[in-house]
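Participant: mmCIF, C-alpha atoms, saved as entry36.cif, coming up:
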```
data_query
#
loop_
_atom_site.label_atom_id
_atom_site.label_comp_id
_atom_site.auth_asym_id
_atom_site.auth_seq_id
_atom_site.Cartn_x
_atom_site.Cartn_y
_atom_site.Cartn_z
CA GLY A 1 12.17 -2.08 -10.65
CA ALA A 2 12.00 -4.66 -7.90
CA VAL A 3 9.38 -7.36 -8.31
CA VAL A 4 7.31 -8.91 -5.58
CA SER A 5 4.99 -11.83 -6.24
CA GLN A 6 2.15 -13.27 -4.20
CA HIS A 7 0.61 -16.68 -4.39
CA PRO A 8 -2.17 -17.50 -4.72
CA SER A 9 -3.85 -14.52 -6.36
CA ARG A 10 -7.28 -15.77 -5.33
CA VAL A 11 -8.38 -18.35 -2.82
CA ILE A 12 -11.79 -19.52 -1.71
CA CYS A 13 -12.00 -21.68 1.37
CA LYS A 14 -14.52 -23.04 3.80
CA SER A 15 -14.97 -21.54 7.23
CA GLY A 16 -12.65 -23.16 9.77
CA THR A 17 -9.83 -23.98 7.39
CA SER A 18 -6.41 -22.36 7.30
CA VAL A 19 -5.01 -20.55 4.29
CA LYS A 20 -1.38 -19.76 3.54
CA ILE A 21 -0.37 -16.83 1.36
CA GLU A 22 3.18 -16.50 0.07
CA CYS A 23 5.02 -13.29 -0.66
CA ARG A 24 8.28 -13.46 -2.58
CA SER A 25 10.80 -10.84 -3.60
CA LEU A 26 12.02 -12.06 -6.95
CA ASP A 27 15.06 -9.98 -7.68
CA PHE A 28 16.22 -8.50 -4.41
CA GLN A 29 16.74 -9.47 -0.82
CA ALA A 30 13.96 -8.21 1.37
CA THR A 31 15.15 -7.50 4.87
CA THR A 32 11.67 -6.41 5.85
CA MET A 33 8.28 -7.47 4.61
CA PHE A 34 4.94 -5.94 5.44
CA TRP A 35 1.46 -7.41 5.36
CA TYR A 36 -1.58 -5.24 4.70
CA ARG A 37 -5.28 -5.86 4.59
CA GLN A 38 -7.66 -3.94 2.39
CA PHE A 39 -11.44 -4.01 2.53
CA PRO A 40 -13.45 -3.04 -0.57
CA LYS A 41 -13.11 0.62 -1.48
CA GLN A 42 -10.99 1.27 1.58
CA SER A 43 -7.36 2.00 2.25
CA LEU A 44 -4.61 -0.38 3.21
CA MET A 45 -4.24 -1.18 6.86
CA LEU A 46 -0.90 -2.45 8.06
CA MET A 47 -1.26 -5.76 9.87
CA ALA A 48 2.31 -6.66 10.70
CA THR A 49 5.96 -6.11 9.94
CA SER A 50 8.34 -9.01 9.62
CA ASN A 51 12.10 -9.07 9.51
CA GLU A 52 13.97 -12.08 8.23
CA GLY A 53 14.76 -14.51 10.99
CA SER A 54 12.82 -12.79 13.73
CA LYS A 55 9.28 -12.69 14.99
CA ALA A 56 6.79 -10.43 13.30
CA THR A 57 5.61 -7.24 14.95
CA TYR A 58 1.84 -6.93 14.85
CA GLU A 59 -0.17 -3.76 14.79
CA GLN A 60 -2.61 -3.05 17.57
CA GLY A 61 -5.80 -5.01 17.18
CA VAL A 62 -4.34 -7.70 14.92
CA GLU A 63 -4.50 -11.18 16.44
CA LYS A 64 -1.08 -12.79 16.15
CA ASP A 65 -2.53 -16.27 16.70
CA LYS A 66 -5.00 -15.70 13.92
CA PHE A 67 -2.57 -14.31 11.39
CA LEU A 68 0.68 -16.26 11.56
CA ILE A 69 3.60 -14.68 9.79
CA ASN A 70 6.85 -16.42 8.96
CA HIS A 71 9.75 -14.63 7.29
CA ALA A 72 12.03 -17.61 6.86
CA SER A 73 14.37 -16.21 4.23
CA LEU A 74 15.33 -12.93 2.62
CA THR A 75 13.02 -13.65 -0.29
CA LEU A 76 9.98 -15.28 1.29
CA SER A 77 7.39 -14.36 3.87
CA THR A 78 4.18 -16.25 4.48
CA LEU A 79 0.91 -15.22 6.07
CA THR A 80 -1.31 -18.00 7.36
CA VAL A 81 -4.89 -17.16 8.21
CA THR A 82 -5.82 -19.80 10.75
CA SER A 83 -9.35 -21.06 11.26
CA ALA A 84 -10.63 -18.59 8.71
CA HIS A 85 -14.11 -17.11 9.05
CA PRO A 86 -16.18 -15.05 6.61
CA GLU A 87 -15.10 -11.83 8.32
CA ASP A 88 -11.52 -12.65 7.32
CA SER A 89 -12.50 -12.29 3.68
CA SER A 90 -10.42 -9.45 2.33
CA PHE A 91 -7.67 -8.44 -0.05
CA TYR A 92 -4.26 -9.15 1.47
CA ILE A 93 -1.25 -7.33 0.09
CA CYS A 94 2.38 -7.79 0.99
CA SER A 95 5.26 -5.47 0.38
CA ALA A 96 8.98 -5.88 0.64
CA SER A 97 11.74 -3.49 1.47
CA GLY A 98 15.40 -3.96 0.78
CA GLY A 99 16.39 -1.80 3.69
CA LEU A 100 17.39 1.23 1.66
CA GLY A 101 17.90 4.54 3.39
CA TYR A 102 14.33 5.56 2.63
CA ASN A 103 11.32 3.39 2.95
CA GLU A 104 10.55 2.31 -0.60
CA GLN A 105 8.32 -0.67 -0.37
CA PHE A 106 7.62 -2.82 -3.40
CA PHE A 107 4.13 -4.24 -3.39
CA GLY A 108 2.87 -7.61 -4.45
CA PRO A 109 -0.25 -7.94 -6.62
CA GLY A 110 -2.42 -8.99 -3.70
CA THR A 111 -4.40 -12.08 -2.74
CA ARG A 112 -8.18 -12.08 -2.68
CA LEU A 113 -9.38 -14.35 0.14
CA THR A 114 -13.01 -15.39 0.26
CA VAL A 115 -14.16 -17.48 3.19
CA LEU A 116 -17.48 -19.21 2.73
CA SER B 1 -2.40 3.18 11.65
CA GLN B 2 -3.95 5.46 9.08
CA GLN B 3 -3.10 9.09 9.35
CA GLY B 4 -3.76 10.48 5.92
CA GLU B 5 -6.92 11.92 4.57
CA GLU B 6 -7.43 12.51 0.92
CA ASP B 7 -9.81 14.61 -1.01
CA PRO B 8 -11.74 14.35 -3.07
CA GLN B 9 -12.85 10.78 -2.41
CA ALA B 10 -13.77 10.46 -6.06
CA LEU B 11 -13.01 12.42 -9.17
CA SER B 12 -14.40 12.07 -12.67
CA ILE B 13 -12.75 13.93 -15.53
CA GLN B 14 -12.63 13.97 -19.30
CA GLU B 15 -9.64 12.55 -21.09
CA GLY B 16 -7.07 15.27 -21.62
CA GLU B 17 -8.06 17.21 -18.52
CA ASN B 18 -5.89 17.52 -15.42
CA ALA B 19 -6.67 15.72 -12.19
CA THR B 20 -5.68 17.08 -8.81
CA MET B 21 -5.99 15.31 -5.51
CA ASN B 22 -4.89 16.30 -2.06
CA CYS B 23 -3.56 14.47 0.95
CA SER B 24 -3.32 15.71 4.52
CA TYR B 25 -1.50 14.05 7.37
CA LYS B 26 -1.19 14.56 11.09
CA THR B 27 2.33 13.86 12.31
CA SER B 28 5.85 14.75 11.20
CA ILE B 29 7.16 12.67 8.34
CA ASN B 30 10.38 11.64 6.65
CA ASN B 31 8.86 11.12 3.23
CA LEU B 32 5.55 11.11 1.47
CA GLN B 33 4.80 8.75 -1.38
CA TRP B 34 2.01 8.41 -3.89
CA TYR B 35 0.79 5.08 -5.17
CA ARG B 36 -1.70 3.99 -7.82
CA GLN B 37 -3.93 0.95 -7.52
CA ASN B 38 -5.96 -0.44 -10.35
CA SER B 39 -9.12 -2.23 -9.29
CA GLY B 40 -8.33 -5.48 -7.52
CA ARG B 41 -4.60 -5.16 -8.09
CA GLY B 42 -1.50 -4.31 -6.09
CA LEU B 43 0.02 -0.91 -5.64
CA VAL B 44 2.31 0.80 -8.10
CA HIS B 45 4.76 3.31 -6.71
CA LEU B 46 4.47 6.65 -8.48
CA ILE B 47 6.68 9.14 -6.74
CA LEU B 48 8.42 9.85 -3.45
CA ILE B 49 8.97 13.32 -2.08
CA ARG B 50 11.20 13.90 0.89
CA SER B 51 10.25 16.15 3.76
CA ASN B 52 12.83 18.75 2.70
CA GLU B 53 11.50 18.91 -0.86
CA ARG B 54 8.64 21.11 -1.99
CA GLU B 55 7.90 19.91 -5.49
CA LYS B 56 8.75 16.97 -7.66
CA HIS B 57 7.95 15.96 -11.22
CA SER B 58 7.82 12.63 -12.96
CA GLY B 59 6.45 12.56 -16.48
CA ARG B 60 2.85 13.78 -16.31
CA LEU B 61 2.88 13.75 -12.52
CA ARG B 62 3.58 16.71 -10.29
CA VAL B 63 3.69 16.39 -6.53
CA THR B 64 3.90 19.20 -4.04
CA LEU B 65 4.54 19.00 -0.32
CA ASP B 66 3.81 21.65 2.28
CA THR B 67 5.10 20.43 5.60
CA SER B 68 3.84 23.54 7.41
CA LYS B 69 0.30 22.61 6.40
CA LYS B 70 0.99 18.88 6.54
CA SER B 71 -0.41 18.42 3.08
CA SER B 72 0.54 17.19 -0.35
CA SER B 73 -1.05 17.31 -3.75
CA LEU B 74 -0.78 15.09 -6.79
CA LEU B 75 -1.47 16.55 -10.20
CA ILE B 76 -1.89 14.33 -13.24
CA THR B 77 -1.74 16.35 -16.42
CA ALA B 78 -3.34 15.46 -19.75
CA SER B 79 -5.13 12.49 -18.26
CA ARG B 80 -5.69 9.27 -20.18
CA ALA B 81 -8.18 6.45 -19.78
CA ALA B 82 -5.35 4.33 -18.41
CA ASP B 83 -5.04 6.75 -15.48
CA THR B 84 -8.37 5.45 -14.15
CA ALA B 85 -7.43 4.02 -10.75
CA SER B 86 -7.34 4.75 -7.05
CA TYR B 87 -4.53 6.94 -5.81
CA PHE B 88 -3.15 6.75 -2.29
CA CYS B 89 -0.70 8.89 -0.43
CA ALA B 90 1.45 7.22 2.19
CA THR B 91 3.64 8.76 4.81
CA ASP B 92 6.42 7.31 6.87
CA ALA B 93 7.89 8.54 10.11
CA ASP B 94 10.86 7.30 12.08
CA ASP B 95 9.70 3.71 12.26
CA TYR B 96 9.61 3.41 8.45
CA LYS B 97 6.11 2.00 8.48
CA LEU B 98 3.82 3.39 5.82
CA SER B 99 0.55 4.97 6.81
CA PHE B 100 -1.90 5.24 3.95
CA GLY B 101 -4.53 7.82 3.21
CA ALA B 102 -8.08 6.90 2.37
CA GLY B 103 -7.48 7.24 -1.35
CA THR B 104 -8.99 9.11 -4.26
CA THR B 105 -10.76 7.17 -7.00
CA VAL B 106 -10.15 8.76 -10.37
CA THR B 107 -12.27 7.97 -13.41
CA VAL B 108 -11.11 9.28 -16.75
CA ARG B 109 -13.89 9.37 -19.34
CA ALA B 110 -13.00 8.86 -22.97
#
```
Can you dump the structure from the file as structure tokens?
Facilitator:
Amino acid sequence: GAVVSQHPSRVICKSGTSVKIECRSLDFQATTMFWYRQFPKQSLMLMATSNEGSKATYEQGVEKDKFLINHASLTLSTLTVTSAHPEDSSFYICSASGGLGYNEQFFGPGTRLTVL
Amino acid sequence: SQQGEEDPQALSIQEGENATMNCSYKTSINNLQWYRQNSGRGLVHLILIRSNEREKHSGRLRVTLDTSKKSSSLLITASRAADTASYFCATDADDYKLSFGAGTTVTVRA
């Protein structure tokens, strides 16, 4: 099956710093990538959808200036959490879709962000 | 946005028993998918069922879909300790975004 990687798997940072998370599709070209956020023992909430070469589409309530998304190539999307605060601590998961007729998304292993 | 609700929220069974969990959704869908998530890990795709399908099997998994009731069920037969995980249903409509249910946490006791 298709493989999606995320880096880093865990990151701890101080409040006020910015953190970049990478999402890569390793063996297919991802026309669309999705970023989700998951709080402990809760479901995944879609944050934004990004298509290669165009601006990301953010879900209602997600601050685009806070969560910067760049989908620069067909295999890489990045999420930058700017000026992180403790409330941004969460599990961030990306997924990638190769634009098949149905929406099969391949998920990365997730990144655990802890903001002190 | 989240449109699915799953029940039960948690399920504890003995190894070898079957586990059944249900998912309900609110709007019309193209497909419904089930995913597994081990603690602190990413999601693993289990099975996709299209809106015009009623039942699908994959190994020890059986999924049903009732579009008139807007509900789906996932049955895991002959459960194993390795099946311990959270299970999520996810639906997609015309915009191809996935909307996840709240999840069912399954614990399989040895």
Participant: Give me the residues within 7 Å of segment 27-35 of chain B as a PyMOL selection string, counting all atoms listed in the file and dropping any in the same chain fewer than 4 places off.
Facilitator: chain B and resi 43-51+87-94
Participant: Quick one: contact table of chain A to chain B, 12 Å max, nearest atom pair and distance in Å to one decimal per residue, counting only C-alpha atoms, chain and number order, as CSV?
Facilitator:
```
residue,atom,partner,partner_atom,distance
A:Gly1,CA,B:His45,CA,10.0
A:Ala2,CA,B:His45,CA,10.8
A:Val3,CA,B:Val44,CA,10.8
A:Val4,CA,B:Gly42,CA,10.0
A:Ser5,CA,B:Gly42,CA,9.9
A:Gln6,CA,B:Gly42,CA,9.9
A:Ser9,CA,B:Arg41,CA,9.5
A:Arg10,CA,B:Gly40,CA,10.6
A:Thr32,CA,B:Tyr96,CA,10.4
A:Met33,CA,B:Lys97,CA,10.5
A:Phe34,CA,B:Lys97,CA,8.6
A:Trp35,CA,B:Lys97,CA,11.0
A:Tyr36,CA,B:Leu98,CA,10.2
A:Arg37,CA,B:Gly42,CA,11.4
A:Gln38,CA,B:Gly40,CA,10.1
A:Phe39,CA,B:Gly40,CA,10.6
A:Pro40,CA,B:Gly40,CA,9.0
A:Lys41,CA,B:Gly103,CA,8.7
A:Gln42,CA,B:Ala102,CA,6.4
A:Ser43,CA,B:Ala102,CA,5.0
A:Leu44,CA,B:Phe100,CA,6.3
A:Met45,CA,B:Ser1,CA,6.7
A:Leu46,CA,B:Ser1,CA,6.8
A:Met47,CA,B:Ser1,CA,9.2
A:Ala48,CA,B:Lys97,CA,9.7
A:Thr49,CA,B:Lys97,CA,8.2
A:Ser50,CA,B:Lys97,CA,11.3
A:Thr57,CA,B:Lys97,CA,11.3
A:Tyr58,CA,B:Ser1,CA,11.4
A:Glu59,CA,B:Ser1,CA,7.9
A:Gln60,CA,B:Ser1,CA,8.6
A:Gly61,CA,B:Ser1,CA,10.5
A:Val62,CA,B:Ser1,CA,11.5
A:Ser90,CA,B:Gly40,CA,10.8
A:Phe91,CA,B:Gly40,CA,8.1
A:Tyr92,CA,B:Gly42,CA,9.4
A:Ile93,CA,B:Gly42,CA,6.9
A:Cys94,CA,B:Gly42,CA,8.8
A:Ser95,CA,B:Leu43,CA,9.2
A:Ala96,CA,B:Lys97,CA,11.5
A:Ser97,CA,B:Tyr96,CA,10.0
A:Gly99,CA,B:Tyr96,CA,9.8
A:Leu100,CA,B:Tyr96,CA,10.6
A:Gly101,CA,B:Tyr96,CA,9.8
A:Tyr102,CA,B:Tyr96,CA,7.8
A:Asn103,CA,B:Tyr96,CA,5.8
A:Glu104,CA,B:Leu48,CA,8.3
A:Gln105,CA,B:His45,CA,8.3
A:Phe106,CA,B:His45,CA,7.5
A:Phe107,CA,B:Leu43,CA,5.7
A:Gly108,CA,B:Gly42,CA,5.7
A:Pro109,CA,B:Gly42,CA,3.9
A:Gly110,CA,B:Gly42,CA,5.3
A:Thr111,CA,B:Arg41,CA,8.7
A:Arg112,CA,B:Gly40,CA,8.2
A:Leu113,CA,B:Gly40,CA,11.8
```
Participant: Just to confirm, what's the straight-line distance from atom CA of Asn38 of chain B to atom CA of Lys20 of chain A in Å (one decimal)?
Facilitator: 24.2 Å
Participant: So how far away is atom CA of Lys56 of chain B from atom CA of Arg109 of chain B, in Å?
Facilitator: 26.6 Å
Participant: Using Å and a single decimal, report how far atom CA of Glu53 of chain B sits from atom CA of Cys23 of chain B.
Facilitator: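 That distance, rounded to one decimal, is 15.8 Å.
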Participant: List as an mmCIF file with C-alpha atoms, in the frame of the given file the residues having at least one atom at most 7 Å from position (-15.3, -23.8, 13.4) as given in the file, counting all atoms listed in the file.
Facilitator:
```cif
data_model
loop_
_atom_site.group_PDB
_atom_site.id
_atom_site.type_symbol
_atom_site.label_atom_id
_atom_site.label_comp_id
_atom_site.auth_asym_id
_atom_site.auth_seq_id
_atom_site.Cartn_x
_atom_site.Cartn_y
_atom_site.Cartn_z
ATOM 1 C CA SER A 15 -14.970 -21.540 7.230
ATOM 2 C CA GLY A 16 -12.650 -23.160 9.770
ATOM 3 C CA SER A 83 -9.350 -21.060 11.260
#
```
Participant: Residues within 12 Å of Lys14 of chain A, please, as JSON, numbers by chain. Count all atoms listed in the file; anything in the same chain fewer than 6 positions from it doesn't count.
Facilitator: {"A": [82, 83, 84, 85, 86, 88, 89, 113, 114, 115, 116]}
Participant: Name all residues at most 6 Å from Ile21 of chain A (count all atoms listed in the file; drop same-chain ones fewer than 5 positions away) and give them as a PyMOL selection string.
Facilitator: chain A and resi 7+78-79
Participant: Got time to write the residues from that selection, C-alpha atoms, as a PDB file, keeping the file's coordinate frame?
Facilitator:
```pdb
ATOM      1  CA  HIS A   7       0.610 -16.680  -4.390  1.00  0.00           C
ATOM      2  CA  THR A  78       4.180 -16.250   4.480  1.00  0.00           C
ATOM      3  CA  LEU A  79       0.910 -15.220   6.070  1.00  0.00           C
TER       4      LEU A  79
END
```
Participant: Between A:Leu74, A:Pro8, A:Gly98, A:Asp65, which one has atoms that come closest to Glu22 of chain A, using only C-alpha atoms?
Facilitator: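 Comparing A:Leu74, A:Pro8, A:Gly98, A:Asp65 against Glu22 of chain A, the winner is A:Pro8.
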Participant: If you apply the PyMOL selection byres ((chain A and resi 25) around 6) to this file, what residues do you get, as an MDAnalysis selection string?
Facilitator: chainID A and resid 4 24 26:28 75
Participant: If the PyMOL selection byres ((chain B and resi 59) around 12) is run on the structure shown, which residues does it catch, given as a PDB file with C-alpha atoms, in the coordinates of the input?
Facilitator:
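Generated file (out-v9.pdb):
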```pdb
ATOM      1  CA  LEU B  46       4.470   6.650  -8.480  1.00  0.00           C
ATOM      2  CA  ILE B  47       6.680   9.140  -6.740  1.00  0.00           C
ATOM      3  CA  LYS B  56       8.750  16.970  -7.660  1.00  0.00           C
ATOM      4  CA  HIS B  57       7.950  15.960 -11.220  1.00  0.00           C
ATOM      5  CA  SER B  58       7.820  12.630 -12.960  1.00  0.00           C
ATOM      6  CA  ARG B  60       2.850  13.780 -16.310  1.00  0.00           C
ATOM      7  CA  LEU B  61       2.880  13.750 -12.520  1.00  0.00           C
ATOM      8  CA  ARG B  62       3.580  16.710 -10.290  1.00  0.00           C
ATOM      9  CA  VAL B  63       3.690  16.390  -6.530  1.00  0.00           C
ATOM     10  CA  LEU B  75      -1.470  16.550 -10.200  1.00  0.00           C
ATOM     11  CA  ILE B  76      -1.890  14.330 -13.240  1.00  0.00           C
ATOM     12  CA  THR B  77      -1.740  16.350 -16.420  1.00  0.00           C
ATOM     13  CA  ALA B  78      -3.340  15.460 -19.750  1.00  0.00           C
ATOM     14  CA  SER B  79      -5.130  12.490 -18.260  1.00  0.00           C
TER      15      SER B  79
END
```
Participant: List the residues sitting within 6 Å of (2.0, -15.0, 8.7) in the file's frame, using only C-alpha atoms, as a compact mmCIF listing (two decimals) with C-alpha atoms, in the frame of the given file.
Facilitator:
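The result, written out as part_16.txt:
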```
# COMPACT_ATOMS: atom_id res chain seq x y z
CA PHE A 67 -2.57 -14.31 11.39
CA LEU A 68 0.68 -16.26 11.56
CA ILE A 69 3.60 -14.68 9.79
CA ASN A 70 6.85 -16.42 8.96
CA THR A 78 4.18 -16.25 4.48
CA LEU A 79 0.91 -15.22 6.07
CA THR A 80 -1.31 -18.00 7.36
```
